[in-house]
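Participant: Handing over structure_3.pdb, PDB, C-alpha atoms and all ligand atoms.
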```
ATOM      1  CA  VAL Y 551      -0.776   9.634 -15.095  1.00  0.00           C
ATOM      2  CA  GLU Y 552      -1.979   8.947 -11.581  1.00  0.00           C
ATOM      3  CA  GLN Y 553       0.200   6.715  -9.412  1.00  0.00           C
ATOM      4  CA  SER Y 554      -0.335   5.067  -6.039  1.00  0.00           C
ATOM      5  CA  TYR Y 555       2.187   3.692  -3.595  1.00  0.00           C
ATOM      6  CA  ILE Y 556       0.915   0.349  -2.322  1.00  0.00           C
ATOM      7  CA  MET Y 557       2.851  -1.521   0.336  1.00  0.00           C
ATOM      8  CA  ILE Y 558       2.299  -4.987   1.751  1.00  0.00           C
ATOM      9  CA  LYS Y 559       3.134  -4.604   5.434  1.00  0.00           C
ATOM     10  CA  PRO Y 560       5.274  -7.124   7.401  1.00  0.00           C
ATOM     11  CA  ASP Y 561       2.222  -9.148   8.540  1.00  0.00           C
ATOM     12  CA  GLY Y 562       1.083  -9.580   4.923  1.00  0.00           C
ATOM     13  CA  VAL Y 563       4.543 -10.824   3.924  1.00  0.00           C
ATOM     14  CA  GLN Y 564       4.862 -13.175   6.919  1.00  0.00           C
ATOM     15  CA  ARG Y 565       1.358 -14.565   6.370  1.00  0.00           C
ATOM     16  CA  GLY Y 566       2.059 -15.428   2.743  1.00  0.00           C
ATOM     17  CA  LEU Y 567      -0.468 -12.963   1.297  1.00  0.00           C
ATOM     18  CA  VAL Y 568       1.866 -11.273  -1.222  1.00  0.00           C
ATOM     19  CA  GLY Y 569       0.576 -13.136  -4.295  1.00  0.00           C
ATOM     20  CA  ASP Y 570      -3.092 -12.673  -3.393  1.00  0.00           C
ATOM     21  CA  ILE Y 571      -2.682  -8.935  -2.797  1.00  0.00           C
ATOM     22  CA  ILE Y 572      -0.658  -8.233  -5.960  1.00  0.00           C
ATOM     23  CA  SER Y 573      -3.151 -10.287  -7.948  1.00  0.00           C
ATOM     24  CA  ARG Y 574      -6.083  -8.071  -6.945  1.00  0.00           C
ATOM     25  CA  PHE Y 575      -4.482  -4.908  -8.366  1.00  0.00           C
ATOM     26  CA  GLU Y 576      -3.213  -6.760 -11.419  1.00  0.00           C
ATOM     27  CA  LYS Y 577      -6.622  -8.278 -12.236  1.00  0.00           C
ATOM     28  CA  LYS Y 578      -8.369  -4.939 -11.706  1.00  0.00           C
ATOM     29  CA  GLY Y 579      -6.334  -3.576 -14.612  1.00  0.00           C
ATOM     30  CA  PHE Y 580      -3.723  -1.305 -13.065  1.00  0.00           C
ATOM     31  CA  LYS Y 581      -0.122  -1.253 -14.262  1.00  0.00           C
ATOM     32  CA  LEU Y 582       2.726  -2.322 -11.994  1.00  0.00           C
ATOM     33  CA  ILE Y 583       5.739  -0.063 -12.588  1.00  0.00           C
ATOM     34  CA  GLY Y 584       7.755  -0.753  -9.416  1.00  0.00           C
ATOM     35  CA  LEU Y 585       8.123  -3.781  -7.130  1.00  0.00           C
ATOM     36  CA  LYS Y 586      10.599  -4.865  -4.462  1.00  0.00           C
ATOM     37  CA  ILE Y 587      10.911  -6.614  -1.108  1.00  0.00           C
ATOM     38  CA  PHE Y 588      12.583  -4.333   1.377  1.00  0.00           C
ATOM     39  CA  GLN Y 589      13.570  -4.093   5.039  1.00  0.00           C
ATOM     40  CA  CYS Y 590      12.411  -0.598   5.961  1.00  0.00           C
ATOM     41  CA  PRO Y 591      14.762   1.469   8.148  1.00  0.00           C
ATOM     42  CA  LYS Y 592      13.193   3.316  11.105  1.00  0.00           C
ATOM     43  CA  GLU Y 593      13.920   6.765   9.608  1.00  0.00           C
ATOM     44  CA  LEU Y 594      12.024   5.952   6.402  1.00  0.00           C
ATOM     45  CA  ALA Y 595       9.019   4.592   8.317  1.00  0.00           C
ATOM     46  CA  GLU Y 596       8.956   7.794  10.392  1.00  0.00           C
ATOM     47  CA  GLU Y 597       9.142   9.972   7.264  1.00  0.00           C
ATOM     48  CA  HIS Y 598       6.404   7.967   5.501  1.00  0.00           C
ATOM     49  CA  TYR Y 599       4.010   8.251   8.447  1.00  0.00           C
ATOM     50  CA  LYS Y 600       5.147  11.736   9.602  1.00  0.00           C
ATOM     51  CA  ASP Y 601       1.551  13.076   9.562  1.00  0.00           C
ATOM     52  CA  LEU Y 602       0.739  10.601  12.353  1.00  0.00           C
ATOM     53  CA  GLN Y 603       3.726  11.611  14.524  1.00  0.00           C
ATOM     54  CA  SER Y 604       1.557  13.019  17.336  1.00  0.00           C
ATOM     55  CA  LYS Y 605      -0.723   9.949  17.571  1.00  0.00           C
ATOM     56  CA  PRO Y 606      -0.408   7.731  20.656  1.00  0.00           C
ATOM     57  CA  PHE Y 607       0.025   4.640  18.429  1.00  0.00           C
ATOM     58  CA  PHE Y 608       2.914   6.176  16.404  1.00  0.00           C
ATOM     59  CA  PRO Y 609       5.784   4.280  18.157  1.00  0.00           C
ATOM     60  CA  LYS Y 610       3.878   0.986  17.765  1.00  0.00           C
ATOM     61  CA  LEU Y 611       3.188   1.796  14.108  1.00  0.00           C
ATOM     62  CA  ILE Y 612       6.902   2.375  13.406  1.00  0.00           C
ATOM     63  CA  GLU Y 613       7.780  -0.837  15.259  1.00  0.00           C
ATOM     64  CA  TYR Y 614       5.181  -2.733  13.175  1.00  0.00           C
ATOM     65  CA  ILE Y 615       6.321  -1.389   9.797  1.00  0.00           C
ATOM     66  CA  THR Y 616      10.001  -2.098  10.550  1.00  0.00           C
ATOM     67  CA  SER Y 617       9.369  -5.532  12.166  1.00  0.00           C
ATOM     68  CA  GLY Y 618      10.098  -7.461   8.956  1.00  0.00           C
ATOM     69  CA  PRO Y 619      10.312  -7.049   5.208  1.00  0.00           C
ATOM     70  CA  VAL Y 620       7.637  -5.149   3.312  1.00  0.00           C
ATOM     71  CA  VAL Y 621       6.741  -5.384  -0.385  1.00  0.00           C
ATOM     72  CA  CYS Y 622       6.852  -1.953  -2.040  1.00  0.00           C
ATOM     73  CA  MET Y 623       4.797  -1.351  -5.165  1.00  0.00           C
ATOM     74  CA  ALA Y 624       4.140   1.526  -7.542  1.00  0.00           C
ATOM     75  CA  TRP Y 625       0.872   1.160  -9.472  1.00  0.00           C
ATOM     76  CA  GLU Y 626      -0.262   3.415 -12.281  1.00  0.00           C
ATOM     77  CA  GLY Y 627      -3.626   4.064 -13.925  1.00  0.00           C
ATOM     78  CA  VAL Y 628      -6.554   6.428 -14.277  1.00  0.00           C
ATOM     79  CA  GLY Y 629      -8.176   6.737 -10.847  1.00  0.00           C
ATOM     80  CA  VAL Y 630      -5.734   4.307  -9.242  1.00  0.00           C
ATOM     81  CA  VAL Y 631      -5.482   6.136  -5.902  1.00  0.00           C
ATOM     82  CA  ALA Y 632      -9.179   6.093  -4.970  1.00  0.00           C
ATOM     83  CA  SER Y 633      -9.732   2.684  -6.541  1.00  0.00           C
ATOM     84  CA  ALA Y 634      -6.837   1.142  -4.588  1.00  0.00           C
ATOM     85  CA  ARG Y 635      -8.262   2.583  -1.356  1.00  0.00           C
ATOM     86  CA  LYS Y 636     -11.556   0.841  -2.204  1.00  0.00           C
ATOM     87  CA  LEU Y 637      -9.818  -2.449  -2.991  1.00  0.00           C
ATOM     88  CA  ILE Y 638      -7.931  -2.162   0.325  1.00  0.00           C
ATOM     89  CA  GLY Y 639     -10.971  -1.303   2.480  1.00  0.00           C
ATOM     90  CA  ALA Y 640     -11.418   0.581   5.746  1.00  0.00           C
ATOM     91  CA  THR Y 641      -8.462   1.170   8.107  1.00  0.00           C
ATOM     92  CA  ASN Y 642     -10.099  -1.039  10.753  1.00  0.00           C
ATOM     93  CA  PRO Y 643     -10.358  -4.491   9.134  1.00  0.00           C
ATOM     94  CA  LEU Y 644     -13.428  -5.353  11.216  1.00  0.00           C
ATOM     95  CA  GLN Y 645     -15.204  -2.457   9.512  1.00  0.00           C
ATOM     96  CA  ALA Y 646     -13.809  -3.220   6.060  1.00  0.00           C
ATOM     97  CA  GLU Y 647     -16.319  -4.705   3.614  1.00  0.00           C
ATOM     98  CA  PRO Y 648     -15.991  -8.357   2.581  1.00  0.00           C
ATOM     99  CA  GLY Y 649     -14.341  -8.458  -0.815  1.00  0.00           C
ATOM    100  CA  THR Y 650     -11.758  -5.869   0.180  1.00  0.00           C
ATOM    101  CA  ILE Y 651      -8.209  -6.878   1.114  1.00  0.00           C
ATOM    102  CA  ARG Y 652      -8.564  -5.884   4.767  1.00  0.00           C
ATOM    103  CA  GLY Y 653     -12.158  -7.164   4.894  1.00  0.00           C
ATOM    104  CA  ASP Y 654     -11.082 -10.576   3.637  1.00  0.00           C
ATOM    105  CA  LEU Y 655      -7.644 -10.968   5.183  1.00  0.00           C
ATOM    106  CA  ALA Y 656      -7.257  -9.021   8.438  1.00  0.00           C
ATOM    107  CA  VAL Y 657      -8.861  -8.369  11.843  1.00  0.00           C
ATOM    108  CA  GLN Y 658      -6.934  -5.558  13.562  1.00  0.00           C
ATOM    109  CA  THR Y 659      -6.058  -1.942  12.701  1.00  0.00           C
ATOM    110  CA  GLY Y 660      -2.520  -2.506  13.990  1.00  0.00           C
ATOM    111  CA  ARG Y 661      -2.129  -5.501  11.620  1.00  0.00           C
ATOM    112  CA  ASN Y 662      -4.020  -4.356   8.535  1.00  0.00           C
ATOM    113  CA  VAL Y 663      -1.669  -5.939   5.946  1.00  0.00           C
ATOM    114  CA  VAL Y 664      -1.486  -3.183   3.349  1.00  0.00           C
ATOM    115  CA  HIS Y 665      -0.941   0.522   2.790  1.00  0.00           C
ATOM    116  CA  GLY Y 666      -2.361   2.675   0.007  1.00  0.00           C
ATOM    117  CA  SER Y 667      -1.699   6.358  -0.767  1.00  0.00           C
ATOM    118  CA  ASP Y 668      -4.591   8.651   0.191  1.00  0.00           C
ATOM    119  CA  SER Y 669      -4.220  11.247  -2.612  1.00  0.00           C
ATOM    120  CA  PRO Y 670      -2.543  11.494  -6.035  1.00  0.00           C
ATOM    121  CA  GLU Y 671      -0.061  14.009  -4.532  1.00  0.00           C
ATOM    122  CA  ASN Y 672       0.868  11.571  -1.769  1.00  0.00           C
ATOM    123  CA  GLY Y 673       1.063   8.775  -4.365  1.00  0.00           C
ATOM    124  CA  LYS Y 674       3.827  10.652  -6.172  1.00  0.00           C
ATOM    125  CA  ARG Y 675       5.501  11.719  -2.915  1.00  0.00           C
ATOM    126  CA  GLU Y 676       5.534   8.209  -1.456  1.00  0.00           C
ATOM    127  CA  ILE Y 677       6.795   6.553  -4.665  1.00  0.00           C
ATOM    128  CA  ALA Y 678       9.667   9.068  -4.729  1.00  0.00           C
ATOM    129  CA  LEU Y 679      10.342   8.288  -1.067  1.00  0.00           C
ATOM    130  CA  TRP Y 680      10.408   4.474  -1.379  1.00  0.00           C
ATOM    131  CA  PHE Y 681      11.904   3.986  -4.866  1.00  0.00           C
ATOM    132  CA  GLU Y 682      15.076   5.096  -6.630  1.00  0.00           C
ATOM    133  CA  GLU Y 683      14.350   6.555 -10.056  1.00  0.00           C
ATOM    134  CA  GLY Y 684      15.975   3.616 -11.895  1.00  0.00           C
ATOM    135  CA  GLU Y 685      13.709   1.142 -10.102  1.00  0.00           C
ATOM    136  CA  LEU Y 686      10.580   2.418 -11.869  1.00  0.00           C
ATOM    137  CA  VAL Y 687       9.844   0.880 -15.266  1.00  0.00           C
ATOM    138  CA  PRO Y 688       7.570   2.513 -17.851  1.00  0.00           C
ATOM    139  CA  TRP Y 689       5.941  -0.055 -20.173  1.00  0.00           C
ATOM    140  CA  THR Y 690       2.876  -0.541 -22.348  1.00  0.00           C
ATOM    141  CA  PRO Y 691       0.595  -3.453 -21.417  1.00  0.00           C
ATOM    142  CA  VAL Y 692      -0.822  -5.225 -24.492  1.00  0.00           C
ATOM    143  CA  GLN Y 693      -4.181  -5.513 -22.730  1.00  0.00           C
ATOM    144  CA  GLU Y 694      -4.642  -1.704 -22.784  1.00  0.00           C
ATOM    145  CA  PRO Y 695      -7.258  -1.660 -25.639  1.00  0.00           C
ATOM    146  CA  TRP Y 696      -9.192  -4.406 -23.802  1.00  0.00           C
ATOM    147  CA  LEU Y 697      -9.398  -2.302 -20.652  1.00  0.00           C
ATOM    148  CA  ARG Y 698     -10.400   1.069 -22.078  1.00  0.00           C
ATOM    149  CA  GLU Y 699     -12.526   1.889 -25.122  1.00  0.00           C
TER
HETATM  150  P1  LIG W 701      -2.422   3.347   5.441  1.00  0.00           P
HETATM  151  O1  LIG W 701      -2.864   2.960   4.057  1.00  0.00           O
HETATM  152  O2  LIG W 701      -1.463   2.386   6.062  1.00  0.00           O
HETATM  153  O3  LIG W 701      -1.919   4.785   5.481  1.00  0.00           O
HETATM  154  O4  LIG W 701      -3.744   3.253   6.333  1.00  0.00           O
HETATM  155  P2  LIG W 701      -4.989   4.246   6.357  1.00  0.00           P
HETATM  156  O5  LIG W 701      -4.771   5.367   5.380  1.00  0.00           O
HETATM  157  O6  LIG W 701      -6.202   3.394   6.182  1.00  0.00           O
HETATM  158  O7  LIG W 701      -4.956   4.786   7.838  1.00  0.00           O
HETATM  159  P3  LIG W 701      -4.070   6.004   8.448  1.00  0.00           P
HETATM  160  O8  LIG W 701      -3.239   6.633   7.395  1.00  0.00           O
HETATM  161  O9  LIG W 701      -4.984   6.837   9.253  1.00  0.00           O
HETATM  162  O10 LIG W 701      -3.123   5.206   9.469  1.00  0.00           O
HETATM  163  C1  LIG W 701      -1.930   4.615   9.017  1.00  0.00           C
HETATM  164  C2  LIG W 701      -1.750   3.282   9.694  1.00  0.00           C
HETATM  165  O11 LIG W 701      -1.540   3.489  11.078  1.00  0.00           O
HETATM  166  C3  LIG W 701      -2.961   2.339   9.648  1.00  0.00           C
HETATM  167  O12 LIG W 701      -3.059   1.608   8.451  1.00  0.00           O
HETATM  168  C4  LIG W 701      -2.693   1.434  10.815  1.00  0.00           C
HETATM  169  O13 LIG W 701      -1.722   0.436  10.493  1.00  0.00           O
HETATM  170  C5  LIG W 701      -2.086   2.404  11.816  1.00  0.00           C
HETATM  171  N1  LIG W 701      -3.116   2.911  12.707  1.00  0.00           N
HETATM  172  C6  LIG W 701      -4.047   3.866  12.438  1.00  0.00           C
HETATM  173  N2  LIG W 701      -4.855   4.070  13.500  1.00  0.00           N
HETATM  174  C7  LIG W 701      -4.417   3.221  14.459  1.00  0.00           C
HETATM  175  C8  LIG W 701      -4.827   2.938  15.792  1.00  0.00           C
HETATM  176  O14 LIG W 701      -5.775   3.526  16.315  1.00  0.00           O
HETATM  177  N3  LIG W 701      -4.120   1.984  16.465  1.00  0.00           N
HETATM  178  C9  LIG W 701      -3.062   1.316  15.900  1.00  0.00           C
HETATM  179  N4  LIG W 701      -2.408   0.393  16.610  1.00  0.00           N
HETATM  180  N5  LIG W 701      -2.647   1.559  14.657  1.00  0.00           N
HETATM  181  C10 LIG W 701      -3.309   2.496  13.941  1.00  0.00           C
HETATM  182 MG    MG W 702      -2.992   6.535   5.339  1.00  0.00          MG
END
```
Take the structure in the file and write it out as structure tokens.
Ligand code: GTP
Ligand code: MG

Facilitator:
Amino acid sequence: VEQSYIMIKPDGVQRGLVGDIISRFEKKGFKLIGLKIFQCPKELAEEHYKDLQSKPFFPKLIEYITSGPVVCMAWEGVGVVASARKLIGATNPLQAEPGTIRGDLAVQTGRNVVHGSDSPENGKREIALWFEEGELVPWTPVQEPWLRE
């Protein structure tokens, strides 16, 4: 099954947006299989964003992600990766549609409150990077037949 790594960034935690953000994925109908609050070490932030290493904003990005605790989540469901990206909205919150997390709750690219995996492959890779195996919990939601025919 498809999985996405969703992370509430330090600004989202500090601004008290954790409940609101989790609620959006929960209400949509995805399944939460991993959740923790975590102070990210520099090395992990660098590994997570290694594709952006050559960008001028990379040092600031690492500083941002390690500036306070993040909330790490693993979400599972059919189509969860693309759907989560839609729920999150455009990278630049000023261009993100109202109704999306960034569109509703943020103003700046460098403080865009949440991360979402950009492909199913990266979803799996990032969940393996941020979670120990024993931290992921498989379970069957009772609402399943009310979500899918
Ligand atoms: P993530 O879900 O966090 O991966 O965001 P994204 O997929 O929408 O964007 P991308 O992967 O291209 O960039 C990762 C993160 O780097 C963004 O979410 C921003 O926090 C940050 N970032 C990207 N572009 C810029 C930029 O031009 N300036 C600054 N300051 N930060 C940027
Ligand atoms: Mg990205």

Participant: Can you tell me how far atom O2 of ligand LIG 701 (chain W) sits from CA of Ile615 (chain Y), in Å to one decimal?

Facilitator: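 One can read the atom O2 of ligand LIG 701 (chain W) to CA of Ile615 (chain Y) distance as 9.4 Å.
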
Participant: Using all atoms listed in the file, what residues lie at most 9 Å away from (-10.6, -9.9, 8.6) (file coordinates), given as a list of chain:residue names?

Facilitator: Y:Pro643, Y:Leu644, Y:Gln645, Y:Ala646, Y:Pro648, Y:Ile651, Y:Arg652, Y:Gly653, Y:Asp654, Y:Leu655, Y:Ala656, Y:Val657, Y:Gln658, Y:Asn662

Participant: For a test of reading the model, state the distance in Å between CA of Trp689 (chain Y) and CA of Gly627 (chain Y), rounded to one decimal.

Facilitator: 12.1 Å

Participant: In Å, with one decimal, what is the gap from CA of Val630 (chain Y) to CA of Asn672 (chain Y)?

Facilitator: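 If I compute the distance from CA of Val630 (chain Y) to CA of Asn672 (chain Y), I get 12.3 Å.
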
Participant: Using all atoms listed in the file, find each residue in chain Y having at least one atom no more than 10 Å away from ligand LIG 701 (chain W); report its shortest atom-to-atom pair and that distance in Å (one decimal), rows by chain then rising number, as JSON lines.

Facilitator:
```
{"residue": "Y:Tyr555", "atom": "CA", "partner": "W:LIG701", "partner_atom": "O1", "distance": 9.2}
{"residue": "Y:Ile556", "atom": "CA", "partner": "W:LIG701", "partner_atom": "O1", "distance": 7.9}
{"residue": "Y:Met557", "atom": "CA", "partner": "W:LIG701", "partner_atom": "O1", "distance": 8.2}
{"residue": "Y:Ile558", "atom": "CA", "partner": "W:LIG701", "partner_atom": "O2", "distance": 9.3}
{"residue": "Y:Lys559", "atom": "CA", "partner": "W:LIG701", "partner_atom": "O2", "distance": 8.4}
{"residue": "Y:His598", "atom": "CA", "partner": "W:LIG701", "partner_atom": "O3", "distance": 8.9}
{"residue": "Y:Tyr599", "atom": "CA", "partner": "W:LIG701", "partner_atom": "C1", "distance": 7.0}
{"residue": "Y:Asp601", "atom": "CA", "partner": "W:LIG701", "partner_atom": "O8", "distance": 8.3}
{"residue": "Y:Leu602", "atom": "CA", "partner": "W:LIG701", "partner_atom": "O10", "distance": 7.2}
{"residue": "Y:Lys605", "atom": "CA", "partner": "W:LIG701", "partner_atom": "N2", "distance": 8.3}
{"residue": "Y:Pro606", "atom": "CA", "partner": "W:LIG701", "partner_atom": "N3", "distance": 8.0}
{"residue": "Y:Phe607", "atom": "CA", "partner": "W:LIG701", "partner_atom": "C9", "distance": 5.2}
{"residue": "Y:Phe608", "atom": "CA", "partner": "W:LIG701", "partner_atom": "N5", "distance": 7.4}
{"residue": "Y:Pro609", "atom": "CA", "partner": "W:LIG701", "partner_atom": "N4", "distance": 9.2}
{"residue": "Y:Lys610", "atom": "CA", "partner": "W:LIG701", "partner_atom": "N4", "distance": 6.4}
{"residue": "Y:Leu611", "atom": "CA", "partner": "W:LIG701", "partner_atom": "C5", "distance": 5.8}
{"residue": "Y:Ile612", "atom": "CA", "partner": "W:LIG701", "partner_atom": "O11", "distance": 8.8}
{"residue": "Y:Tyr614", "atom": "CA", "partner": "W:LIG701", "partner_atom": "O13", "distance": 8.1}
{"residue": "Y:Ile615", "atom": "CA", "partner": "W:LIG701", "partner_atom": "O13", "distance": 8.3}
{"residue": "Y:Ala634", "atom": "CA", "partner": "W:LIG701", "partner_atom": "O1", "distance": 9.7}
{"residue": "Y:Arg635", "atom": "CA", "partner": "W:LIG701", "partner_atom": "O1", "distance": 7.7}
{"residue": "Y:Ile638", "atom": "CA", "partner": "W:LIG701", "partner_atom": "O1", "distance": 8.1}
{"residue": "Y:Gly639", "atom": "CA", "partner": "W:LIG701", "partner_atom": "O6", "distance": 7.6}
{"residue": "Y:Ala640", "atom": "CA", "partner": "W:LIG701", "partner_atom": "O6", "distance": 5.9}
{"residue": "Y:Thr641", "atom": "CA", "partner": "W:LIG701", "partner_atom": "O6", "distance": 3.7}
{"residue": "Y:Asn642", "atom": "CA", "partner": "W:LIG701", "partner_atom": "O6", "distance": 7.5}
{"residue": "Y:Pro643", "atom": "CA", "partner": "W:LIG701", "partner_atom": "O6", "distance": 9.4}
{"residue": "Y:Arg652", "atom": "CA", "partner": "W:LIG701", "partner_atom": "O6", "distance": 9.7}
{"residue": "Y:Gln658", "atom": "CA", "partner": "W:LIG701", "partner_atom": "N4", "distance": 8.1}
{"residue": "Y:Thr659", "atom": "CA", "partner": "W:LIG701", "partner_atom": "C4", "distance": 5.1}
{"residue": "Y:Gly660", "atom": "CA", "partner": "W:LIG701", "partner_atom": "N4", "distance": 3.9}
{"residue": "Y:Arg661", "atom": "CA", "partner": "W:LIG701", "partner_atom": "O13", "distance": 6.1}
{"residue": "Y:Asn662", "atom": "CA", "partner": "W:LIG701", "partner_atom": "O13", "distance": 5.7}
{"residue": "Y:Val663", "atom": "CA", "partner": "W:LIG701", "partner_atom": "O13", "distance": 7.8}
{"residue": "Y:Val664", "atom": "CA", "partner": "W:LIG701", "partner_atom": "O2", "distance": 6.2}
{"residue": "Y:His665", "atom": "CA", "partner": "W:LIG701", "partner_atom": "O1", "distance": 3.4}
{"residue": "Y:Gly666", "atom": "CA", "partner": "W:LIG701", "partner_atom": "O1", "distance": 4.1}
{"residue": "Y:Ser667", "atom": "CA", "partner": "W:LIG701", "partner_atom": "O1", "distance": 6.0}
{"residue": "Y:Asp668", "atom": "CA", "partner": "W:LIG701", "partner_atom": "O5", "distance": 6.1}
{"residue": "Y:Ser669", "atom": "CA", "partner": "W:LIG701", "partner_atom": "O5", "distance": 9.9}
```

Participant: Would you mind exporting C-alpha atoms of the selected residues as a compact mmCIF listing (two decimals), keeping the file's coordinate frame?

Facilitator:
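Saved as result-v2.txt:
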```
# COMPACT_ATOMS: atom_id res chain seq x y z
CA TYR Y 555 2.19 3.69 -3.60
CA ILE Y 556 0.92 0.35 -2.32
CA MET Y 557 2.85 -1.52 0.34
CA ILE Y 558 2.30 -4.99 1.75
CA LYS Y 559 3.13 -4.60 5.43
CA HIS Y 598 6.40 7.97 5.50
CA TYR Y 599 4.01 8.25 8.45
CA ASP Y 601 1.55 13.08 9.56
CA LEU Y 602 0.74 10.60 12.35
CA LYS Y 605 -0.72 9.95 17.57
CA PRO Y 606 -0.41 7.73 20.66
CA PHE Y 607 0.02 4.64 18.43
CA PHE Y 608 2.91 6.18 16.40
CA PRO Y 609 5.78 4.28 18.16
CA LYS Y 610 3.88 0.99 17.76
CA LEU Y 611 3.19 1.80 14.11
CA ILE Y 612 6.90 2.38 13.41
CA TYR Y 614 5.18 -2.73 13.18
CA ILE Y 615 6.32 -1.39 9.80
CA ALA Y 634 -6.84 1.14 -4.59
CA ARG Y 635 -8.26 2.58 -1.36
CA ILE Y 638 -7.93 -2.16 0.32
CA GLY Y 639 -10.97 -1.30 2.48
CA ALA Y 640 -11.42 0.58 5.75
CA THR Y 641 -8.46 1.17 8.11
CA ASN Y 642 -10.10 -1.04 10.75
CA PRO Y 643 -10.36 -4.49 9.13
CA ARG Y 652 -8.56 -5.88 4.77
CA GLN Y 658 -6.93 -5.56 13.56
CA THR Y 659 -6.06 -1.94 12.70
CA GLY Y 660 -2.52 -2.51 13.99
CA ARG Y 661 -2.13 -5.50 11.62
CA ASN Y 662 -4.02 -4.36 8.54
CA VAL Y 663 -1.67 -5.94 5.95
CA VAL Y 664 -1.49 -3.18 3.35
CA HIS Y 665 -0.94 0.52 2.79
CA GLY Y 666 -2.36 2.68 0.01
CA SER Y 667 -1.70 6.36 -0.77
CA ASP Y 668 -4.59 8.65 0.19
CA SER Y 669 -4.22 11.25 -2.61
```

Participant: Grab all the atoms of region 675-692 of chain Y that the file lists, wrap them in a box along x, y and z, add 4 Å per side, and give me centre plus edge lengths in Å (one decimal) as JSON.

Facilitator:
```
{"center_x": 7.6, "center_y": 3.2, "center_z": -12.8, "size_x": 24.8, "size_y": 24.9, "size_z": 31.4}
```

Participant: Since I can't run it myself right now, could you work out what the PyMOL selection byres (((chain Y and resi 624) around 8) and not hetatm) selects here and report it as a PDB file with C-alpha atoms, in the coordinates of the input?

Facilitator:
```
ATOM      1  CA  GLN Y 553       0.200   6.715  -9.412  1.00  0.00           C
ATOM      2  CA  SER Y 554      -0.335   5.067  -6.039  1.00  0.00           C
ATOM      3  CA  TYR Y 555       2.187   3.692  -3.595  1.00  0.00           C
ATOM      4  CA  ILE Y 556       0.915   0.349  -2.322  1.00  0.00           C
ATOM      5  CA  LEU Y 582       2.726  -2.322 -11.994  1.00  0.00           C
ATOM      6  CA  ILE Y 583       5.739  -0.063 -12.588  1.00  0.00           C
ATOM      7  CA  GLY Y 584       7.755  -0.753  -9.416  1.00  0.00           C
ATOM      8  CA  LEU Y 585       8.123  -3.781  -7.130  1.00  0.00           C
ATOM      9  CA  CYS Y 622       6.852  -1.953  -2.040  1.00  0.00           C
ATOM     10  CA  MET Y 623       4.797  -1.351  -5.165  1.00  0.00           C
ATOM     11  CA  TRP Y 625       0.872   1.160  -9.472  1.00  0.00           C
ATOM     12  CA  GLU Y 626      -0.262   3.415 -12.281  1.00  0.00           C
ATOM     13  CA  ILE Y 677       6.795   6.553  -4.665  1.00  0.00           C
ATOM     14  CA  LEU Y 686      10.580   2.418 -11.869  1.00  0.00           C
TER      15      LEU Y 686
END
```

Participant: Considering only C-alpha atoms and all ligand atoms, state which residue in the set Y:Glu685, Y:Gly649, Y:Lys600, Y:Glu694 is at the smallest distance from ligand MG 702 (chain W).

Facilitator: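 Going through Y:Glu685, Y:Gly649, Y:Lys600, Y:Glu694 one by one, the smallest distance to ligand MG 702 (chain W) is for Y:Lys600.
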
Participant: Of the candidates Y:Lys578, Y:Leu679, Y:Pro688, Y:Val631, which one gets nearest to ligand MG 702 (chain W) if we count all atoms listed in the file?

Facilitator: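 Comparing Y:Lys578, Y:Leu679, Y:Pro688, Y:Val631 against ligand MG 702 (chain W), the winner is Y:Val631.
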
Participant: Under the rule that only C-alpha atoms are counted, which of Y:Glu593, Y:Lys581, Y:Glu552, Y:Arg565 is the nearest residue to Val687 (chain Y)?

Facilitator: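 Once distances to Val687 (chain Y) are computed over only C-alpha atoms, the minimum belongs to Y:Lys581.
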
Participant: Of the residues Y:Val620, Y:Glu676, Y:Phe681, Y:Gln693, which is the one nearest to ligand MG 702 (chain W), using all atoms listed in the file?

Facilitator: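 The answer is Y:Glu676, which sits nearest to ligand MG 702 (chain W).
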
Participant: Between Y:Gly673, Y:Asp561, Y:Leu567, Y:Ser617, single out the one closest to ligand MG 702 (chain W), counting all atoms listed in the file.

Facilitator: Y:Gly673
